[in-house]
>>> print(open('my_file_36.cif').read())   # mmCIF, C-alpha atoms
data_entry
#
loop_
_atom_site.group_PDB
_atom_site.id
_atom_site.type_symbol
_atom_site.label_atom_id
_atom_site.label_comp_id
_atom_site.auth_asym_id
_atom_site.auth_seq_id
_atom_site.Cartn_x
_atom_site.Cartn_y
_atom_site.Cartn_z
ATOM 1 C CA MET A 69 7.641 -40.443 -23.932
ATOM 2 C CA SER A 70 9.913 -39.146 -26.729
ATOM 3 C CA ASP A 71 9.911 -40.614 -30.250
ATOM 4 C CA SER A 72 13.298 -42.118 -29.530
ATOM 5 C CA GLU A 73 12.017 -43.786 -26.366
ATOM 6 C CA LYS A 74 8.903 -45.044 -28.163
ATOM 7 C CA GLY A 75 11.044 -46.486 -30.932
ATOM 8 C CA SER A 76 13.284 -48.167 -28.428
ATOM 9 C CA ALA A 77 10.315 -49.646 -26.553
ATOM 10 C CA THR A 78 8.843 -50.973 -29.811
ATOM 11 C CA ALA A 79 12.161 -52.518 -30.742
ATOM 12 C CA GLU A 80 12.343 -54.226 -27.370
ATOM 13 C CA GLU A 81 8.813 -55.598 -27.721
ATOM 14 C CA SER A 82 9.682 -56.872 -31.167
ATOM 15 C CA LYS A 83 12.859 -58.501 -29.844
ATOM 16 C CA ALA A 84 11.001 -60.087 -26.957
ATOM 17 C CA GLU A 85 8.442 -61.502 -29.376
ATOM 18 C CA LEU A 86 11.218 -62.859 -31.570
ATOM 19 C CA ASP A 87 12.868 -64.452 -28.532
ATOM 20 C CA ARG A 88 9.613 -66.126 -27.530
ATOM 21 C CA ALA A 89 9.187 -67.471 -31.044
ATOM 22 C CA PHE A 90 12.738 -68.837 -31.038
ATOM 23 C CA GLU A 91 12.251 -70.451 -27.658
ATOM 24 C CA SER A 92 9.110 -72.111 -28.977
ATOM 25 C CA LEU A 93 10.942 -73.343 -32.078
ATOM 26 C CA TYR A 94 13.731 -74.674 -29.897
ATOM 27 C CA ARG A 95 11.454 -76.526 -27.511
ATOM 28 C CA ASP A 96 9.263 -77.928 -30.294
ATOM 29 C CA HIS A 97 12.095 -79.212 -32.437
ATOM 30 C CA LEU A 98 15.046 -80.041 -30.211
ATOM 31 C CA ARG A 99 14.222 -83.741 -30.465
ATOM 32 C CA ASP A 100 13.840 -83.543 -34.257
ATOM 33 C CA VAL A 101 17.200 -81.877 -34.739
ATOM 34 C CA TYR A 102 18.858 -84.244 -32.290
ATOM 35 C CA SER A 103 17.308 -87.331 -33.891
ATOM 36 C CA TYR A 104 18.323 -86.245 -37.362
ATOM 37 C CA SER A 105 21.857 -85.409 -36.215
ATOM 38 C CA TYR A 106 22.154 -88.697 -34.384
ATOM 39 C CA TYR A 107 21.133 -90.798 -37.367
ATOM 40 C CA ARG A 108 23.525 -88.849 -39.571
ATOM 41 C CA VAL A 109 26.641 -88.954 -37.396
ATOM 42 C CA GLY A 110 25.999 -92.219 -35.548
ATOM 43 C CA ASN A 111 26.935 -91.292 -31.980
ATOM 44 C CA HIS A 112 25.632 -89.113 -29.178
ATOM 45 C CA HIS A 113 28.800 -87.070 -28.691
ATOM 46 C CA ASP A 114 28.862 -85.679 -32.225
ATOM 47 C CA ALA A 115 25.065 -85.504 -32.447
ATOM 48 C CA GLU A 116 25.180 -83.136 -29.479
ATOM 49 C CA ASP A 117 27.734 -80.921 -31.199
ATOM 50 C CA VAL A 118 25.815 -80.835 -34.480
ATOM 51 C CA THR A 119 22.562 -80.062 -32.669
ATOM 52 C CA GLU A 120 24.146 -77.302 -30.628
ATOM 53 C CA GLN A 121 25.710 -75.703 -33.685
ATOM 54 C CA ALA A 122 22.420 -76.013 -35.581
ATOM 55 C CA PHE A 123 20.556 -74.007 -32.957
ATOM 56 C CA LEU A 124 23.316 -71.411 -32.794
ATOM 57 C CA GLN A 125 23.080 -70.919 -36.544
ATOM 58 C CA ALA A 126 19.297 -70.924 -36.368
ATOM 59 C CA TYR A 127 19.378 -68.221 -33.718
ATOM 60 C CA ARG A 128 21.633 -66.038 -35.829
ATOM 61 C CA HIS A 129 19.396 -66.230 -38.870
ATOM 62 C CA PHE A 130 16.040 -66.656 -37.164
ATOM 63 C CA GLU A 131 14.645 -63.197 -37.828
ATOM 64 C CA ARG A 132 15.286 -63.405 -41.557
ATOM 65 C CA ALA A 133 14.080 -67.013 -41.823
ATOM 66 C CA ARG A 134 10.886 -66.098 -40.063
ATOM 67 C CA ARG A 135 10.332 -63.126 -42.334
ATOM 68 C CA GLU A 136 10.955 -65.169 -45.472
ATOM 69 C CA SER A 137 8.927 -68.193 -44.412
ATOM 70 C CA ASN A 138 5.611 -66.401 -45.009
ATOM 71 C CA GLY A 139 4.091 -68.244 -42.100
ATOM 72 C CA ARG A 140 5.189 -71.704 -43.212
ATOM 73 C CA PRO A 141 6.606 -74.030 -40.531
ATOM 74 C CA LEU A 142 10.312 -73.583 -39.875
ATOM 75 C CA ARG A 143 11.113 -77.218 -39.182
ATOM 76 C CA PRO A 144 12.414 -77.891 -42.725
ATOM 77 C CA TRP A 145 14.708 -74.864 -42.448
ATOM 78 C CA LEU A 146 15.999 -76.097 -39.101
ATOM 79 C CA ILE A 147 16.593 -79.613 -40.421
ATOM 80 C CA ARG A 148 18.336 -78.188 -43.468
ATOM 81 C CA ILE A 149 20.801 -76.452 -41.140
ATOM 82 C CA ALA A 150 21.449 -79.734 -39.313
ATOM 83 C CA HIS A 151 21.710 -81.497 -42.685
ATOM 84 C CA ASN A 152 24.425 -79.091 -43.874
ATOM 85 C CA LEU A 153 26.315 -79.333 -40.593
ATOM 86 C CA ALA A 154 26.229 -83.136 -40.699
ATOM 87 C CA SER A 155 27.536 -83.047 -44.266
ATOM 88 C CA ASN A 156 30.364 -80.747 -43.142
ATOM 89 C CA TYR A 157 31.081 -83.139 -40.280
ATOM 90 C CA HIS A 158 31.514 -86.068 -42.663
ATOM 91 C CA ARG A 159 33.571 -83.977 -45.082
ATOM 92 C CA ASP A 160 35.885 -82.831 -42.275
ATOM 93 C CA ARG A 161 36.295 -86.369 -41.001
ATOM 94 C CA ALA A 162 37.186 -87.579 -44.476
ATOM 95 C CA ARG A 163 39.849 -84.873 -44.796
ATOM 96 C CA ARG A 164 41.268 -85.233 -41.290
ATOM 97 C CA PRO A 165 44.715 -86.811 -41.305
ATOM 98 C CA GLN A 166 45.121 -89.980 -39.308
ATOM 99 C CA ARG A 167 46.362 -89.309 -35.812
ATOM 100 C CA VAL A 168 48.938 -91.249 -33.909
ATOM 101 C CA LEU A 169 47.602 -94.177 -31.957
ATOM 102 C CA GLU A 170 47.832 -92.557 -28.505
ATOM 103 C CA GLU A 171 45.651 -89.649 -29.588
ATOM 104 C CA SER A 172 43.010 -91.742 -31.267
ATOM 105 C CA GLU A 173 39.585 -92.060 -29.749
ATOM 106 C CA PRO A 174 37.809 -95.382 -29.792
ATOM 107 C CA ILE A 175 36.091 -95.927 -33.116
ATOM 108 C CA ALA A 176 32.430 -95.105 -32.765
ATOM 109 C CA ALA A 177 29.935 -97.653 -33.979
ATOM 110 C CA PRO A 178 28.332 -96.444 -37.219
ATOM 111 C CA HIS A 179 24.978 -96.858 -35.560
ATOM 112 C CA PRO A 180 24.103 -98.227 -32.133
ATOM 113 C CA THR A 181 21.764 -100.707 -33.678
ATOM 114 C CA GLU A 182 21.937 -103.046 -30.729
ATOM 115 C CA ARG A 183 20.188 -100.491 -28.537
ATOM 116 C CA ILE A 184 17.598 -99.525 -31.094
ATOM 117 C CA VAL A 185 16.684 -102.799 -32.649
ATOM 118 C CA GLU A 186 16.878 -104.782 -29.451
ATOM 119 C CA GLY A 187 18.267 -107.831 -31.160
ATOM 120 C CA ARG A 188 15.759 -108.006 -33.947
ATOM 121 C CA GLU A 189 17.772 -109.062 -36.955
ATOM 122 C CA GLU A 190 15.277 -107.684 -39.437
ATOM 123 C CA LEU A 191 15.573 -104.186 -38.049
ATOM 124 C CA LYS A 192 19.301 -104.452 -37.720
ATOM 125 C CA SER A 193 19.487 -105.409 -41.362
ATOM 126 C CA VAL A 194 17.359 -102.480 -42.507
ATOM 127 C CA MET A 195 19.588 -100.085 -40.551
ATOM 128 C CA GLU A 196 22.729 -101.546 -42.076
ATOM 129 C CA HIS A 197 21.326 -101.274 -45.587
ATOM 130 C CA LEU A 198 20.117 -97.758 -44.883
ATOM 131 C CA GLN A 199 23.677 -96.659 -44.095
ATOM 132 C CA HIS A 200 24.777 -97.806 -47.546
ATOM 133 C CA LEU A 201 22.140 -95.923 -49.527
ATOM 134 C CA PRO A 202 23.197 -92.833 -51.491
ATOM 135 C CA ASP A 203 23.228 -89.831 -49.156
ATOM 136 C CA ASP A 204 20.123 -88.089 -50.475
ATOM 137 C CA ARG A 205 18.041 -91.270 -50.306
ATOM 138 C CA ARG A 206 19.206 -92.101 -46.788
ATOM 139 C CA ASP A 207 18.619 -88.536 -45.564
ATOM 140 C CA ALA A 208 15.117 -88.433 -47.021
ATOM 141 C CA LEU A 209 14.228 -91.683 -45.261
ATOM 142 C CA ILE A 210 15.550 -90.405 -41.937
ATOM 143 C CA MET A 211 13.406 -87.293 -42.315
ATOM 144 C CA ARG A 212 10.357 -89.320 -43.263
ATOM 145 C CA PHE A 213 10.543 -92.080 -40.680
ATOM 146 C CA ALA A 214 12.491 -90.681 -37.716
ATOM 147 C CA LEU A 215 11.008 -87.190 -37.866
ATOM 148 C CA GLY A 216 7.663 -87.901 -39.510
ATOM 149 C CA MET A 217 8.138 -85.184 -42.119
ATOM 150 C CA ASP A 218 5.835 -85.182 -45.134
ATOM 151 C CA ASN A 219 7.003 -84.879 -48.741
ATOM 152 C CA ARG A 220 6.601 -81.124 -48.793
ATOM 153 C CA GLU A 221 8.679 -80.626 -45.666
ATOM 154 C CA ILE A 222 11.385 -82.985 -46.911
ATOM 155 C CA ALA A 223 11.415 -81.201 -50.248
ATOM 156 C CA ARG A 224 12.026 -77.885 -48.493
ATOM 157 C CA ALA A 225 14.731 -79.350 -46.278
ATOM 158 C CA LEU A 226 16.566 -80.876 -49.227
ATOM 159 C CA GLY A 227 15.927 -77.994 -51.629
ATOM 160 C CA ARG A 228 14.027 -80.142 -54.124
ATOM 161 C CA SER A 229 10.595 -80.080 -55.696
ATOM 162 C CA ASP A 230 7.739 -82.015 -54.105
ATOM 163 C CA GLY A 231 7.598 -84.342 -57.114
ATOM 164 C CA ALA A 232 11.323 -85.037 -57.105
ATOM 165 C CA THR A 233 11.153 -85.781 -53.391
ATOM 166 C CA LYS A 234 8.324 -88.241 -53.837
ATOM 167 C CA VAL A 235 10.335 -90.081 -56.483
ATOM 168 C CA LEU A 236 13.462 -89.954 -54.301
ATOM 169 C CA ILE A 237 11.685 -91.611 -51.375
ATOM 170 C CA HIS A 238 10.064 -94.194 -53.592
ATOM 171 C CA ARG A 239 13.423 -95.139 -55.124
ATOM 172 C CA ALA A 240 15.093 -95.226 -51.727
ATOM 173 C CA ILE A 241 12.560 -97.689 -50.380
ATOM 174 C CA LYS A 242 12.675 -99.757 -53.531
ATOM 175 C CA GLN A 243 16.474 -99.937 -53.392
ATOM 176 C CA LEU A 244 16.345 -100.999 -49.747
ATOM 177 C CA GLU A 245 13.773 -103.638 -50.566
ATOM 178 C CA GLU A 246 15.830 -105.019 -53.448
ATOM 179 C CA GLU A 247 19.109 -105.064 -51.546
ATOM 180 C CA MET A 248 17.585 -106.692 -48.482
ATOM 181 C CA SER A 249 15.908 -109.230 -50.705
ATOM 182 C CA ALA A 250 19.193 -109.975 -52.482
ATOM 183 C CA ASP A 251 20.853 -110.476 -49.101
ATOM 184 C CA GLY A 252 18.066 -112.777 -48.002
ATOM 185 C CA SER A 253 17.103 -110.400 -45.187
ATOM 186 C CA MET B 294 3.950 -91.239 -61.028
ATOM 187 C CA ALA B 295 5.730 -93.236 -58.342
ATOM 188 C CA ALA B 296 3.841 -96.182 -56.922
ATOM 189 C CA GLU B 297 3.225 -96.477 -53.180
ATOM 190 C CA PRO B 298 6.248 -97.921 -51.416
ATOM 191 C CA SER B 299 6.365 -101.386 -49.965
ATOM 192 C CA ARG B 300 4.503 -101.639 -46.672
ATOM 193 C CA ASP B 301 6.974 -104.137 -45.231
ATOM 194 C CA VAL B 302 10.043 -101.978 -45.652
ATOM 195 C CA GLU B 303 8.108 -98.954 -44.484
ATOM 196 C CA THR B 304 7.070 -100.775 -41.352
ATOM 197 C CA LEU B 305 10.642 -101.846 -40.706
ATOM 198 C CA LEU B 306 11.916 -98.317 -41.223
ATOM 199 C CA ARG B 307 9.293 -96.896 -38.921
ATOM 200 C CA SER B 308 10.348 -99.322 -36.208
ATOM 201 C CA ALA B 309 14.080 -98.902 -36.756
ATOM 202 C CA LEU B 310 14.169 -95.116 -37.143
ATOM 203 C CA ARG B 311 12.535 -94.149 -33.911
ATOM 204 C CA PRO B 312 12.999 -90.582 -32.674
ATOM 205 C CA ILE B 313 15.990 -90.266 -30.359
ATOM 206 C CA GLU B 314 15.604 -88.339 -27.133
ATOM 207 C CA PRO B 315 18.540 -86.056 -26.359
ATOM 208 C CA PRO B 316 20.455 -86.919 -23.169
ATOM 209 C CA GLU B 317 18.784 -85.598 -20.053
ATOM 210 C CA ASN B 318 21.136 -82.684 -19.414
ATOM 211 C CA PHE B 319 21.575 -81.764 -23.056
ATOM 212 C CA ALA B 320 18.795 -79.185 -23.407
ATOM 213 C CA GLY B 321 20.257 -77.208 -20.533
ATOM 214 C CA ARG B 322 23.710 -77.369 -22.082
ATOM 215 C CA VAL B 323 22.487 -75.998 -25.424
ATOM 216 C CA GLU B 324 20.689 -73.206 -23.615
ATOM 217 C CA GLU B 325 23.821 -72.393 -21.661
ATOM 218 C CA THR B 326 25.927 -72.343 -24.810
ATOM 219 C CA LEU B 327 23.459 -70.055 -26.545
ATOM 220 C CA SER B 328 23.552 -67.813 -23.517
ATOM 221 C CA ALA B 329 27.336 -67.893 -23.250
ATOM 222 C CA VAL B 330 27.797 -67.021 -26.902
ATOM 223 C CA THR B 331 25.332 -64.166 -26.839
ATOM 224 C CA GLU B 332 26.631 -62.853 -23.519
ATOM 225 C CA ALA B 333 30.157 -62.890 -24.906
ATOM 226 C CA ALA B 334 28.890 -61.018 -27.966
ATOM 227 C CA ALA B 335 27.300 -58.494 -25.621
ATOM 228 C CA GLU B 336 30.633 -58.084 -23.859
ATOM 229 C CA GLU B 337 32.280 -57.369 -27.164
ATOM 230 C CA LEU B 338 29.526 -54.875 -27.947
ATOM 231 C CA SER B 339 29.932 -53.170 -24.605
ATOM 232 C CA ALA B 340 33.445 -52.127 -25.574
ATOM 233 C CA TRP B 341 32.203 -50.913 -28.922
ATOM 234 C CA ALA B 342 29.335 -49.000 -27.268
ATOM 235 C CA GLU B 343 31.861 -46.824 -25.419
ATOM 236 C CA GLU B 344 32.513 -45.103 -28.732
ATOM 237 C CA LEU B 345 28.876 -43.975 -29.032
ATOM 238 C CA SER B 346 27.582 -40.570 -28.037
ATOM 239 C CA GLU B 347 25.269 -40.097 -25.054
ATOM 240 C CA SER B 348 22.171 -39.886 -27.250
ATOM 241 C CA GLU B 349 23.175 -42.983 -29.170
ATOM 242 C CA LEU B 350 23.743 -44.782 -25.926
ATOM 243 C CA ARG B 351 20.288 -43.792 -24.691
ATOM 244 C CA SER B 352 18.822 -45.262 -27.885
ATOM 245 C CA LEU B 353 20.847 -48.388 -27.499
ATOM 246 C CA ARG B 354 20.102 -48.772 -23.773
ATOM 247 C CA ASP B 355 21.456 -52.084 -22.574
ATOM 248 C CA PRO B 356 23.253 -53.821 -25.468
ATOM 249 C CA ARG B 357 22.645 -57.184 -23.837
ATOM 250 C CA ASN B 358 18.979 -56.833 -24.669
ATOM 251 C CA TRP B 359 19.786 -56.927 -28.350
ATOM 252 C CA VAL B 360 21.353 -60.314 -28.279
ATOM 253 C CA ARG B 361 19.946 -62.118 -25.294
ATOM 254 C CA PRO B 362 17.974 -65.156 -26.452
ATOM 255 C CA ALA B 363 14.945 -66.545 -24.694
ATOM 256 C CA ALA B 364 17.047 -69.607 -24.040
ATOM 257 C CA ALA B 365 19.149 -67.562 -21.633
ATOM 258 C CA ILE B 366 16.075 -66.837 -19.570
ATOM 259 C CA ALA B 367 15.081 -70.500 -19.651
ATOM 260 C CA ALA B 368 18.529 -71.460 -18.414
ATOM 261 C CA GLY B 369 18.187 -69.101 -15.484
ATOM 262 C CA GLY B 370 21.052 -66.922 -16.577
ATOM 263 C CA VAL B 371 24.728 -67.696 -16.923
ATOM 264 C CA ALA B 372 27.981 -66.157 -15.842
ATOM 265 C CA ALA B 373 28.693 -62.952 -17.704
ATOM 266 C CA GLY B 374 31.778 -61.056 -18.718
ATOM 267 C CA GLY B 375 35.114 -62.612 -17.981
ATOM 268 C CA LEU B 376 33.533 -65.736 -16.598
ATOM 269 C CA VAL B 377 31.966 -66.413 -19.980
ATOM 270 C CA LEU B 378 35.324 -66.248 -21.639
ATOM 271 C CA VAL B 379 36.733 -68.580 -19.018
ATOM 272 C CA GLU B 380 33.840 -70.903 -19.743
ATOM 273 C CA LEU B 381 34.489 -70.737 -23.477
ATOM 274 C CA ARG B 382 38.144 -71.539 -22.888
ATOM 275 C CA ARG B 383 37.184 -74.365 -20.564
ATOM 276 C CA ARG B 384 34.908 -75.847 -23.200
ATOM 277 C CA GLY B 385 37.673 -75.476 -25.728
ATOM 278 C CA GLY B 386 39.988 -77.709 -23.772
ATOM 279 C CA GLY B 387 40.462 -81.445 -24.064
ATOM 280 C CA LYS B 388 38.806 -83.362 -26.833
ATOM 281 C CA ARG B 389 36.560 -80.519 -27.943
ATOM 282 C CA SER B 390 39.263 -78.140 -29.092
ATOM 283 C CA ASN B 391 37.396 -77.446 -32.332
ATOM 284 C CA ARG B 392 34.473 -76.070 -30.376
ATOM 285 C CA LEU B 393 36.364 -73.027 -29.104
ATOM 286 C CA SER B 394 37.046 -71.645 -32.551
ATOM 287 C CA GLY B 395 33.433 -72.337 -33.528
ATOM 288 C CA LEU B 396 32.114 -70.436 -30.558
ATOM 289 C CA ALA B 397 34.575 -67.593 -31.022
ATOM 290 C CA ASP B 398 33.401 -67.263 -34.614
ATOM 291 C CA GLN B 399 29.803 -67.224 -33.450
ATOM 292 C CA VAL B 400 30.573 -64.465 -30.962
ATOM 293 C CA SER B 401 32.168 -62.282 -33.614
ATOM 294 C CA GLU B 402 29.416 -62.909 -36.120
ATOM 295 C CA ILE B 403 26.644 -62.200 -33.640
ATOM 296 C CA ALA B 404 28.415 -59.040 -32.518
ATOM 297 C CA ASP B 405 28.762 -57.937 -36.153
ATOM 298 C CA GLN B 406 25.091 -58.601 -36.779
ATOM 299 C CA VAL B 407 24.007 -56.647 -33.752
ATOM 300 C CA ARG B 408 26.296 -53.738 -34.646
ATOM 301 C CA ASP B 409 24.655 -53.623 -38.063
ATOM 302 C CA GLN B 410 21.182 -53.779 -36.552
ATOM 303 C CA VAL B 411 21.959 -50.999 -34.109
ATOM 304 C CA ARG B 412 23.523 -48.817 -36.789
ATOM 305 C CA ASN B 413 20.500 -49.295 -39.028
ATOM 306 C CA ARG B 414 18.152 -48.311 -36.263
ATOM 307 C CA LEU B 415 20.222 -45.301 -35.282
ATOM 308 C CA ASP B 416 20.458 -44.031 -38.882
#
>>> encode(input="my_file_36.cif", output="structure tokens")
Amino acid sequence: MSDSEKGSATAEESKAELDRAFESLYRDHLRDVYSYSYYRVGNHHDAEDVTEQAFLQAYRHFERARRESNGRPLRPWLIRIAHNLASNYHRDRARRPQRVLEESEPIAAPHPTERIVEGREELKSVMEHLQHLPDDRRDALIMRFALGMDNREIARALGRSDGATKVLIHRAIKQLEEEMSADGS
Amino acid sequence: MAAEPSRDVETLLRSALRPIEPPENFAGRVEETLSAVTEAAAEELSAWAEELSESELRSLRDPRNWVRPAAAIAAGGVAAGGLVLVELRRRGGGKRSNRLSGLADQVSEIADQVRDQVRNRLD
């Protein structure tokens, strides 16, 4: 086998290994990315689009992310991609001019609480208050409770320090508690 | 240092923010999209590869191997070539018109990336 052929074979092995790693990442975290997207955009249709775009972006940058992760889990990186895409989604929606009535789609519920909370008013209330938290507080709580991420993972996903993330989550929960209490929830 | 958060609100959040399972057919659709995008990038690269010399082509071998994700294998393969473009156009129709431009951008970007990778390895 020539040097050129050996090099080509090595490159193919390396690519195959990278593909296996990406497939594993995809299978392990599809539900995480989908859950996060869903809680951010509030409907399945757009959650599907955000999730799909997140994995496309992840695939494009996977090799570099893997190299730079130094063996750390890639879930925070993946969620950060979904986080940025969801932010773009909300920004684009805010900028989009109003369409004529015939072209309008039915307004999506901000959150399908009726399916999730199954009529439990307490849970419905916490979801409604959650939607009114400042973005960073709400996002941190989604990561913590829907995805089960720890402070370190959330810190990496949000680009903050571990300490700042701990304080962020604490304040988010405290704000929820105070606002629900004020509402008599 | 921040105190431990309230157990009651935490319990409520844990119950309310349950993980959401993607729709049943969704995983397959993502895999197909990944495949379609990378196959379309490979198509674009095929045209570019015609400009390479014989020795460069031998080094490159099949350009599809450079961009084919594992997801494509999991999906059992998708239509290649012109059919992919038809598929991209089909997906671009109707309510999802913004998706076509997104996918087209992905195709170009992936093709650019692979061109760079191949050039680096050939240098």
>>> resolve_selection(input="my_file_36.cif", expression="the PyMOL selection byres ((chain A) within 6 of (chain B))", output="PDB file with C-alpha atoms, in the coordinates of the input")
ATOM      1  CA  ASP A  87      12.868 -64.452 -28.532  1.00  0.00           C
ATOM      2  CA  GLU A  91      12.251 -70.451 -27.658  1.00  0.00           C
ATOM      3  CA  ARG A  99      14.222 -83.741 -30.465  1.00  0.00           C
ATOM      4  CA  SER A 103      17.308 -87.331 -33.891  1.00  0.00           C
ATOM      5  CA  GLU A 120      24.146 -77.302 -30.628  1.00  0.00           C
ATOM      6  CA  LEU A 191      15.573-104.186 -38.049  1.00  0.00           C
ATOM      7  CA  PHE A 213      10.543 -92.080 -40.680  1.00  0.00           C
ATOM      8  CA  ALA A 214      12.491 -90.681 -37.716  1.00  0.00           C
ATOM      9  CA  VAL A 235      10.335 -90.081 -56.483  1.00  0.00           C
ATOM     10  CA  HIS A 238      10.064 -94.194 -53.592  1.00  0.00           C
TER      11      HIS A 238
END
>>> resolve_selection(input="my_file_36.cif", expression="the PyMOL selection byres ((chain A and resi 102) around 12)", output="NGL selection string")
(:A and (94-101 or 103-123 or 146-147 or 149-151 or 154 or 210-211 or 214-215)) or (:B and (311-316 or 319-320 or 323))
>>> residues_around(input="my_file_36.cif", residues="Glu245 of chain A", least_positions_apart="3", cutoff="9 Å", atoms="only C-alpha atoms", output="number ranges by chain")
A: 194, 240-242, 248-250; B: 299, 301-302
>>> atom_distance(input="my_file_36.cif", atom1="atom CA of Phe90 of chain A", atom2="atom CA of Thr233 of chain A")
28.1 Å
>>> atom_distance(input="my_file_36.cif", atom1="atom CA of His158 of chain A", atom2="atom CA of Pro144 of chain A")
20.8 Å
>>> atom_distance(input="my_file_36.cif", atom1="atom CA of Arg228 of chain A", atom2="atom CA of Arg143 of chain A")
15.5 Å
>>> residues_around(input="my_file_36.cif", residues="Arg134 of chain A", least_positions_apart="5", cutoff="10 Å", atoms="all atoms listed in the file", output="ChimeraX atom specification")
/A:86,89-90,129,139-142,145
